[in-house]
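Have a look at structure.cif; it's mmCIF, N, CA and C atoms:
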data_start
#
loop_
_atom_site.label_atom_id
_atom_site.label_comp_id
_atom_site.auth_asym_id
_atom_site.auth_seq_id
_atom_site.Cartn_x
_atom_site.Cartn_y
_atom_site.Cartn_z
N MET A 1 -52.27 -75.26 38.36
CA MET A 1 -51.67 -75.43 39.66
C MET A 1 -51.77 -76.90 40.04
N ASN A 2 -50.65 -77.46 40.47
CA ASN A 2 -50.69 -78.86 40.85
C ASN A 2 -50.92 -79.00 42.35
N ALA A 3 -51.15 -80.21 42.79
CA ALA A 3 -51.46 -80.45 44.20
C ALA A 3 -50.29 -80.12 45.11
N LYS A 4 -49.05 -80.32 44.63
CA LYS A 4 -47.88 -80.02 45.46
C LYS A 4 -47.79 -78.55 45.80
N THR A 5 -48.18 -77.69 44.86
CA THR A 5 -48.09 -76.25 45.10
C THR A 5 -48.96 -75.83 46.28
N SER A 6 -50.19 -76.30 46.31
CA SER A 6 -51.07 -75.91 47.42
C SER A 6 -50.62 -76.53 48.73
N GLN A 7 -50.07 -77.75 48.68
CA GLN A 7 -49.56 -78.38 49.90
C GLN A 7 -48.39 -77.58 50.45
N THR A 8 -47.50 -77.17 49.58
CA THR A 8 -46.32 -76.42 50.00
C THR A 8 -46.75 -75.10 50.64
N ALA A 9 -47.70 -74.42 50.05
CA ALA A 9 -48.19 -73.16 50.60
C ALA A 9 -48.83 -73.38 51.97
N ALA A 10 -49.58 -74.45 52.11
CA ALA A 10 -50.23 -74.75 53.39
C ALA A 10 -49.18 -75.07 54.45
N GLN A 11 -48.13 -75.81 54.07
CA GLN A 11 -47.07 -76.12 55.01
C GLN A 11 -46.34 -74.86 55.45
N ARG A 12 -46.07 -73.95 54.52
CA ARG A 12 -45.37 -72.71 54.85
C ARG A 12 -46.18 -71.86 55.83
N SER A 13 -47.49 -71.74 55.58
CA SER A 13 -48.29 -70.92 56.48
C SER A 13 -48.40 -71.56 57.86
N ALA A 14 -48.30 -72.88 57.95
CA ALA A 14 -48.30 -73.55 59.25
C ALA A 14 -46.98 -73.31 59.97
N GLU A 15 -45.89 -73.21 59.21
CA GLU A 15 -44.58 -72.97 59.79
C GLU A 15 -44.44 -71.54 60.31
N ILE A 16 -45.10 -70.59 59.69
CA ILE A 16 -45.01 -69.19 60.07
C ILE A 16 -46.28 -68.83 60.83
N PRO A 17 -46.20 -68.71 62.15
CA PRO A 17 -47.43 -68.51 62.94
C PRO A 17 -48.18 -67.21 62.66
N GLU A 18 -47.50 -66.13 62.23
CA GLU A 18 -48.20 -64.86 61.99
C GLU A 18 -48.81 -64.78 60.59
N CYS A 19 -48.69 -65.84 59.82
CA CYS A 19 -49.23 -65.86 58.46
C CYS A 19 -50.57 -66.59 58.47
N TYR A 20 -51.65 -65.83 58.30
CA TYR A 20 -52.99 -66.41 58.33
C TYR A 20 -53.64 -66.34 56.96
N ALA A 21 -54.50 -67.29 56.70
CA ALA A 21 -55.27 -67.26 55.45
C ALA A 21 -56.27 -66.11 55.53
N VAL A 22 -56.48 -65.46 54.41
CA VAL A 22 -57.43 -64.35 54.36
C VAL A 22 -58.84 -64.92 54.43
N GLN A 23 -59.65 -64.36 55.31
CA GLN A 23 -61.03 -64.79 55.45
C GLN A 23 -61.92 -63.88 54.60
N PRO A 24 -62.85 -64.44 53.86
CA PRO A 24 -63.75 -63.58 53.08
C PRO A 24 -64.60 -62.73 54.02
N GLN A 25 -64.77 -61.48 53.63
CA GLN A 25 -65.55 -60.56 54.44
C GLN A 25 -67.04 -60.79 54.15
N GLU A 26 -67.83 -60.79 55.18
CA GLU A 26 -69.26 -60.96 54.99
C GLU A 26 -69.85 -59.63 54.53
N ILE A 27 -70.51 -59.65 53.39
CA ILE A 27 -71.07 -58.43 52.82
C ILE A 27 -72.56 -58.66 52.60
N ASP A 28 -73.36 -57.70 53.04
CA ASP A 28 -74.80 -57.83 52.86
C ASP A 28 -75.16 -57.58 51.39
N THR A 29 -76.37 -57.92 51.02
CA THR A 29 -76.82 -57.83 49.63
C THR A 29 -76.77 -56.40 49.10
N ALA A 30 -77.16 -55.42 49.89
CA ALA A 30 -77.16 -54.03 49.44
C ALA A 30 -75.74 -53.55 49.14
N THR A 31 -74.80 -53.92 50.00
CA THR A 31 -73.40 -53.53 49.78
C THR A 31 -72.84 -54.22 48.56
N ALA A 32 -73.16 -55.50 48.39
CA ALA A 32 -72.70 -56.24 47.22
C ALA A 32 -73.23 -55.61 45.94
N SER A 33 -74.49 -55.21 45.95
CA SER A 33 -75.09 -54.56 44.79
C SER A 33 -74.39 -53.23 44.49
N ALA A 34 -74.09 -52.47 45.53
CA ALA A 34 -73.40 -51.19 45.35
C ALA A 34 -71.98 -51.39 44.83
N LEU A 35 -71.31 -52.46 45.28
CA LEU A 35 -69.97 -52.76 44.77
C LEU A 35 -70.00 -53.13 43.29
N ILE A 36 -71.02 -53.87 42.90
CA ILE A 36 -71.16 -54.23 41.48
C ILE A 36 -71.39 -52.97 40.65
N GLU A 37 -72.20 -52.06 41.16
CA GLU A 37 -72.44 -50.80 40.46
C GLU A 37 -71.17 -49.96 40.41
N ALA A 38 -70.40 -49.93 41.49
CA ALA A 38 -69.14 -49.18 41.52
C ALA A 38 -68.18 -49.74 40.46
N HIS A 39 -68.15 -51.06 40.33
CA HIS A 39 -67.31 -51.69 39.31
C HIS A 39 -67.76 -51.26 37.91
N ALA A 40 -69.06 -51.25 37.67
CA ALA A 40 -69.59 -50.85 36.37
C ALA A 40 -69.27 -49.38 36.06
N ILE A 41 -69.38 -48.51 37.05
CA ILE A 41 -69.06 -47.09 36.85
C ILE A 41 -67.58 -46.93 36.54
N SER A 42 -66.72 -47.64 37.26
CA SER A 42 -65.29 -47.54 37.01
C SER A 42 -64.94 -48.04 35.61
N GLU A 43 -65.61 -49.08 35.14
CA GLU A 43 -65.40 -49.57 33.77
C GLU A 43 -65.83 -48.52 32.74
N GLU A 44 -66.95 -47.86 32.99
CA GLU A 44 -67.42 -46.81 32.08
C GLU A 44 -66.42 -45.65 32.02
N LEU A 45 -65.84 -45.29 33.15
CA LEU A 45 -64.85 -44.20 33.17
C LEU A 45 -63.66 -44.55 32.28
N THR A 46 -63.24 -45.80 32.31
CA THR A 46 -62.08 -46.18 31.50
C THR A 46 -62.45 -46.40 30.04
N LYS A 47 -63.56 -47.06 29.78
CA LYS A 47 -63.92 -47.38 28.39
C LYS A 47 -64.53 -46.20 27.64
N ALA A 48 -65.51 -45.56 28.24
CA ALA A 48 -66.24 -44.51 27.52
C ALA A 48 -65.57 -43.13 27.61
N PHE A 49 -64.84 -42.89 28.70
CA PHE A 49 -64.30 -41.54 28.91
C PHE A 49 -62.79 -41.48 28.89
N GLY A 50 -62.15 -42.62 28.68
CA GLY A 50 -60.71 -42.64 28.48
C GLY A 50 -59.84 -42.39 29.70
N VAL A 51 -60.39 -42.51 30.89
CA VAL A 51 -59.57 -42.36 32.10
C VAL A 51 -58.71 -43.62 32.21
N SER A 52 -57.43 -43.44 32.45
CA SER A 52 -56.49 -44.55 32.53
C SER A 52 -56.92 -45.56 33.59
N ALA A 53 -56.86 -46.84 33.25
CA ALA A 53 -57.27 -47.89 34.19
C ALA A 53 -56.40 -47.89 35.44
N GLU A 54 -55.16 -47.41 35.33
CA GLU A 54 -54.27 -47.34 36.49
C GLU A 54 -54.74 -46.29 37.50
N ARG A 55 -55.56 -45.35 37.04
CA ARG A 55 -56.02 -44.26 37.91
C ARG A 55 -57.40 -44.50 38.49
N VAL A 56 -58.07 -45.58 38.06
CA VAL A 56 -59.45 -45.84 38.49
C VAL A 56 -59.53 -47.16 39.24
N GLY A 57 -60.32 -47.18 40.29
CA GLY A 57 -60.54 -48.40 41.05
C GLY A 57 -61.87 -48.33 41.78
N HIS A 58 -62.21 -49.40 42.44
CA HIS A 58 -63.44 -49.42 43.23
C HIS A 58 -63.23 -50.31 44.44
N GLY A 59 -64.03 -50.10 45.46
CA GLY A 59 -63.91 -50.89 46.67
C GLY A 59 -64.75 -50.27 47.78
N ILE A 60 -64.40 -50.59 49.02
CA ILE A 60 -65.10 -50.03 50.16
C ILE A 60 -64.19 -49.00 50.83
N ASP A 61 -64.70 -47.79 50.97
CA ASP A 61 -63.92 -46.73 51.60
C ASP A 61 -63.74 -47.07 53.09
N PRO A 62 -62.50 -47.05 53.58
CA PRO A 62 -62.26 -47.41 54.97
C PRO A 62 -62.78 -46.37 55.98
N VAL A 63 -62.95 -45.13 55.54
CA VAL A 63 -63.43 -44.08 56.44
C VAL A 63 -64.94 -44.13 56.56
N THR A 64 -65.64 -44.13 55.41
CA THR A 64 -67.10 -44.10 55.43
C THR A 64 -67.73 -45.48 55.39
N GLU A 65 -66.92 -46.50 55.08
CA GLU A 65 -67.39 -47.88 54.97
C GLU A 65 -68.52 -48.04 53.97
N THR A 66 -68.43 -47.29 52.88
CA THR A 66 -69.41 -47.39 51.79
C THR A 66 -68.68 -47.75 50.51
N PRO A 67 -69.35 -48.41 49.58
CA PRO A 67 -68.73 -48.70 48.29
C PRO A 67 -68.45 -47.41 47.53
N VAL A 68 -67.28 -47.34 46.91
CA VAL A 68 -66.87 -46.14 46.18
C VAL A 68 -66.16 -46.50 44.88
N VAL A 69 -66.17 -45.52 43.98
CA VAL A 69 -65.32 -45.54 42.79
C VAL A 69 -64.21 -44.55 43.09
N ARG A 70 -62.96 -44.98 42.97
CA ARG A 70 -61.83 -44.10 43.28
C ARG A 70 -61.12 -43.69 42.00
N VAL A 71 -60.77 -42.39 41.93
CA VAL A 71 -60.00 -41.88 40.80
C VAL A 71 -58.83 -41.09 41.36
N GLU A 72 -57.62 -41.46 40.94
CA GLU A 72 -56.43 -40.71 41.33
C GLU A 72 -56.40 -39.50 40.42
N ALA A 73 -56.48 -38.33 41.02
CA ALA A 73 -56.55 -37.10 40.24
C ALA A 73 -55.67 -36.03 40.86
N GLY A 74 -54.66 -35.62 40.14
CA GLY A 74 -53.80 -34.56 40.64
C GLY A 74 -53.10 -34.89 41.94
N GLY A 75 -52.72 -36.14 42.13
CA GLY A 75 -52.02 -36.54 43.35
C GLY A 75 -52.91 -36.84 44.53
N VAL A 76 -54.21 -36.72 44.39
CA VAL A 76 -55.15 -37.06 45.47
C VAL A 76 -56.14 -38.10 44.97
N ILE A 77 -56.77 -38.77 45.89
CA ILE A 77 -57.80 -39.74 45.54
C ILE A 77 -59.17 -39.08 45.73
N ILE A 78 -59.93 -39.02 44.65
CA ILE A 78 -61.30 -38.52 44.69
C ILE A 78 -62.20 -39.75 44.61
N ALA A 79 -63.19 -39.83 45.48
CA ALA A 79 -64.07 -40.99 45.52
C ALA A 79 -65.51 -40.59 45.23
N LEU A 80 -66.19 -41.45 44.51
CA LEU A 80 -67.61 -41.29 44.27
C LEU A 80 -68.31 -42.37 45.10
N ALA A 81 -69.02 -41.96 46.15
CA ALA A 81 -69.72 -42.92 47.01
C ALA A 81 -70.99 -43.39 46.34
N VAL A 82 -71.19 -44.69 46.32
CA VAL A 82 -72.42 -45.28 45.77
C VAL A 82 -73.39 -45.41 46.95
N PRO A 83 -74.46 -44.60 46.95
CA PRO A 83 -75.36 -44.55 48.10
C PRO A 83 -76.42 -45.65 48.07
N GLU A 84 -77.29 -45.60 49.06
CA GLU A 84 -78.46 -46.47 49.07
C GLU A 84 -79.41 -46.01 47.98
N THR A 85 -80.31 -46.88 47.55
CA THR A 85 -81.29 -46.55 46.52
C THR A 85 -82.09 -45.32 46.92
N GLY A 86 -82.24 -44.38 45.96
CA GLY A 86 -83.00 -43.16 46.19
C GLY A 86 -82.18 -41.98 46.67
N GLN A 87 -80.93 -42.24 47.06
CA GLN A 87 -80.05 -41.18 47.56
C GLN A 87 -79.12 -40.69 46.45
N PRO A 88 -78.65 -39.44 46.54
CA PRO A 88 -77.73 -38.92 45.52
C PRO A 88 -76.31 -39.47 45.71
N TYR A 89 -75.60 -39.59 44.60
CA TYR A 89 -74.19 -39.98 44.63
C TYR A 89 -73.40 -38.81 45.20
N VAL A 90 -72.37 -39.11 45.98
CA VAL A 90 -71.59 -38.07 46.65
C VAL A 90 -70.13 -38.19 46.25
N ILE A 91 -69.54 -37.05 45.89
CA ILE A 91 -68.11 -37.00 45.62
C ILE A 91 -67.43 -36.62 46.92
N GLN A 92 -66.38 -37.37 47.28
CA GLN A 92 -65.70 -37.11 48.54
C GLN A 92 -64.19 -37.26 48.40
N ARG A 93 -63.48 -36.70 49.36
CA ARG A 93 -62.03 -36.81 49.43
C ARG A 93 -61.67 -37.06 50.89
N HIS A 94 -60.94 -38.12 51.16
CA HIS A 94 -60.57 -38.52 52.53
C HIS A 94 -61.81 -38.66 53.41
N GLY A 95 -62.91 -39.17 52.84
CA GLY A 95 -64.13 -39.36 53.60
C GLY A 95 -64.95 -38.09 53.81
N GLN A 96 -64.43 -36.95 53.37
CA GLN A 96 -65.14 -35.67 53.52
C GLN A 96 -65.98 -35.40 52.27
N ARG A 97 -67.21 -35.05 52.48
CA ARG A 97 -68.15 -34.77 51.39
C ARG A 97 -67.73 -33.48 50.68
N LEU A 98 -67.56 -33.55 49.35
CA LEU A 98 -67.25 -32.36 48.56
C LEU A 98 -68.50 -31.81 47.88
N MET A 99 -69.27 -32.70 47.29
CA MET A 99 -70.50 -32.30 46.60
C MET A 99 -71.33 -33.51 46.24
N GLU A 100 -72.58 -33.26 45.84
CA GLU A 100 -73.48 -34.31 45.37
C GLU A 100 -73.65 -34.20 43.88
N LEU A 101 -73.85 -35.33 43.23
CA LEU A 101 -74.24 -35.32 41.82
C LEU A 101 -75.75 -35.13 41.77
N THR A 102 -76.25 -34.74 40.62
CA THR A 102 -77.70 -34.61 40.48
C THR A 102 -78.36 -35.98 40.37
N ALA A 103 -77.59 -36.98 39.95
CA ALA A 103 -78.13 -38.33 39.79
C ALA A 103 -78.39 -38.98 41.15
N ASN A 104 -79.54 -39.62 41.26
CA ASN A 104 -79.87 -40.43 42.44
C ASN A 104 -79.74 -41.89 42.05
N ARG A 105 -79.38 -42.74 43.00
CA ARG A 105 -79.25 -44.16 42.70
C ARG A 105 -80.63 -44.77 42.52
N ARG A 106 -80.76 -45.55 41.48
CA ARG A 106 -82.03 -46.23 41.17
C ARG A 106 -81.87 -47.72 41.35
N ARG A 107 -82.99 -48.42 41.38
CA ARG A 107 -82.93 -49.88 41.46
C ARG A 107 -82.20 -50.46 40.25
N ARG A 108 -82.49 -49.93 39.08
CA ARG A 108 -81.78 -50.36 37.87
C ARG A 108 -80.57 -49.46 37.72
N ALA A 109 -79.40 -50.06 37.72
CA ALA A 109 -78.15 -49.30 37.66
C ALA A 109 -78.09 -48.43 36.41
N GLN A 110 -77.47 -47.28 36.54
CA GLN A 110 -77.29 -46.35 35.44
C GLN A 110 -75.82 -45.93 35.38
N PRO A 111 -74.92 -46.90 35.24
CA PRO A 111 -73.49 -46.58 35.36
C PRO A 111 -72.97 -45.58 34.33
N LYS A 112 -73.48 -45.63 33.11
CA LYS A 112 -72.98 -44.71 32.09
C LYS A 112 -73.34 -43.27 32.42
N ALA A 113 -74.58 -43.02 32.84
CA ALA A 113 -75.01 -41.66 33.18
C ALA A 113 -74.26 -41.13 34.40
N VAL A 114 -74.08 -41.97 35.40
CA VAL A 114 -73.37 -41.56 36.61
C VAL A 114 -71.90 -41.30 36.29
N ALA A 115 -71.29 -42.20 35.51
CA ALA A 115 -69.89 -42.02 35.12
C ALA A 115 -69.72 -40.72 34.33
N ALA A 116 -70.68 -40.41 33.44
CA ALA A 116 -70.61 -39.18 32.65
C ALA A 116 -70.66 -37.95 33.54
N GLU A 117 -71.55 -37.94 34.52
CA GLU A 117 -71.66 -36.78 35.41
C GLU A 117 -70.43 -36.65 36.31
N PHE A 118 -69.93 -37.78 36.81
CA PHE A 118 -68.73 -37.77 37.65
C PHE A 118 -67.53 -37.28 36.84
N PHE A 119 -67.38 -37.79 35.62
CA PHE A 119 -66.28 -37.37 34.75
C PHE A 119 -66.38 -35.87 34.45
N ALA A 120 -67.59 -35.37 34.18
CA ALA A 120 -67.76 -33.96 33.89
C ALA A 120 -67.33 -33.09 35.08
N GLU A 121 -67.64 -33.53 36.30
CA GLU A 121 -67.22 -32.79 37.49
C GLU A 121 -65.70 -32.80 37.64
N LEU A 122 -65.10 -33.96 37.43
CA LEU A 122 -63.64 -34.06 37.51
C LEU A 122 -62.97 -33.18 36.46
N LYS A 123 -63.54 -33.21 35.25
CA LYS A 123 -62.97 -32.42 34.16
C LYS A 123 -63.14 -30.92 34.40
N SER A 124 -64.28 -30.51 34.95
CA SER A 124 -64.52 -29.08 35.20
C SER A 124 -63.55 -28.52 36.25
N ARG A 125 -63.04 -29.42 37.09
CA ARG A 125 -62.07 -29.01 38.11
C ARG A 125 -60.63 -29.30 37.68
N HIS A 126 -60.47 -29.67 36.40
CA HIS A 126 -59.17 -29.96 35.79
C HIS A 126 -58.42 -31.07 36.53
N LEU A 127 -59.17 -32.11 36.94
CA LEU A 127 -58.57 -33.23 37.64
C LEU A 127 -58.31 -34.43 36.75
N VAL A 128 -58.91 -34.44 35.55
CA VAL A 128 -58.64 -35.51 34.58
C VAL A 128 -58.33 -34.90 33.23
#
Show me this structure written as structure tokens.
Amino acid sequence: MNAKTSQTAAQRSAEIPECYAVQPQEIDTATASALIEAHAISEELTKAFGVSAERVGHGIDPVTETPVVRVEAGGVIIALAVPETGQPYVIQRHGQRLMELTANRRRRAQPKAVAAEFFAELKSRHLV
């Protein structure tokens, strides 16, 4: 990217008053850690269990405001909430709790085991 490109973009946003630069969201350490774990679980779902990368994502659920792994399954989005340390992982849909996994979140991430249990639940319900 050359210097002219960034200048042109800055000039355009100044010309259009409703166009604002995106501000980074302030995230606490616990949430950042949970997002990193959500990313690792989503990678395990695609690499180890063959779930299409187009169907898997991670981020912060707008309803519960918790980090989640999202899987598009059968036309709906199923989310795995990454809880605080010591709490069980929760499968939810539209922010509504469906069930808990037997796995509890530990200080040392266990993305492969959590991904395996989440995948098994999705598969048992014929969602993947």
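Across the model, the gap from atom C of Thr102 (chain A) to atom N of Gly75 (chain A) is 25.7 Å.
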Expressed in Å to a single decimal, how great is the separation between atom N of Lys47 (chain A) and CA of Thr64 (chain A)? 26.1 Å
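Distances to Val69 (chain A) were evaluated for A:Gln87, A:Val114, A:Ser42, A:Gly50 using only C-alpha atoms, and the minimum falls at A:Ser42.
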I'd like the neighbourhood of Thr31 (chain A) as an MDAnalysis selection string, where a residue qualifies if any of its atoms comes within 10 Å (using only C-alpha atoms), though same-chain residues fewer than 3 positions away should be ignored. chainID A and resid 26:28 34:37 60 65:67 82:84
Can you measure CA of Pro88 (chain A) to atom C of Ala53 (chain A) for me? One decimal in Å is fine. 25.2 Å
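Minimum atom-to-atom distances from A:Lys112, A:Gly59, A:Thr85, A:Gly74 to Leu45 (chain A) were compared using only N, CA and C atoms, and the lowest value belongs to A:Lys112.
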Assign secondary structure with DSSP using the backbone only, and return the residues of chain A in helix (DSSP H, G or I) as JSON, numbers by chain. {"A": [3, 4, 5, 6, 7, 8, 9, 10, 11, 12, 13, 14, 15, 29, 30, 31, 32, 33, 34, 35, 36, 37, 38, 39, 40, 41, 42, 43, 44, 45, 46, 47, 53, 54, 55, 111, 112, 113, 114, 115, 116, 117, 118, 119, 120, 121, 122, 123, 124]}
How would you write, as number ranges by chain, the set of residues in chain A that DSSP gives as strand (DSSP E)? A: 56-60, 67-73, 76-81, 88-93, 96-104
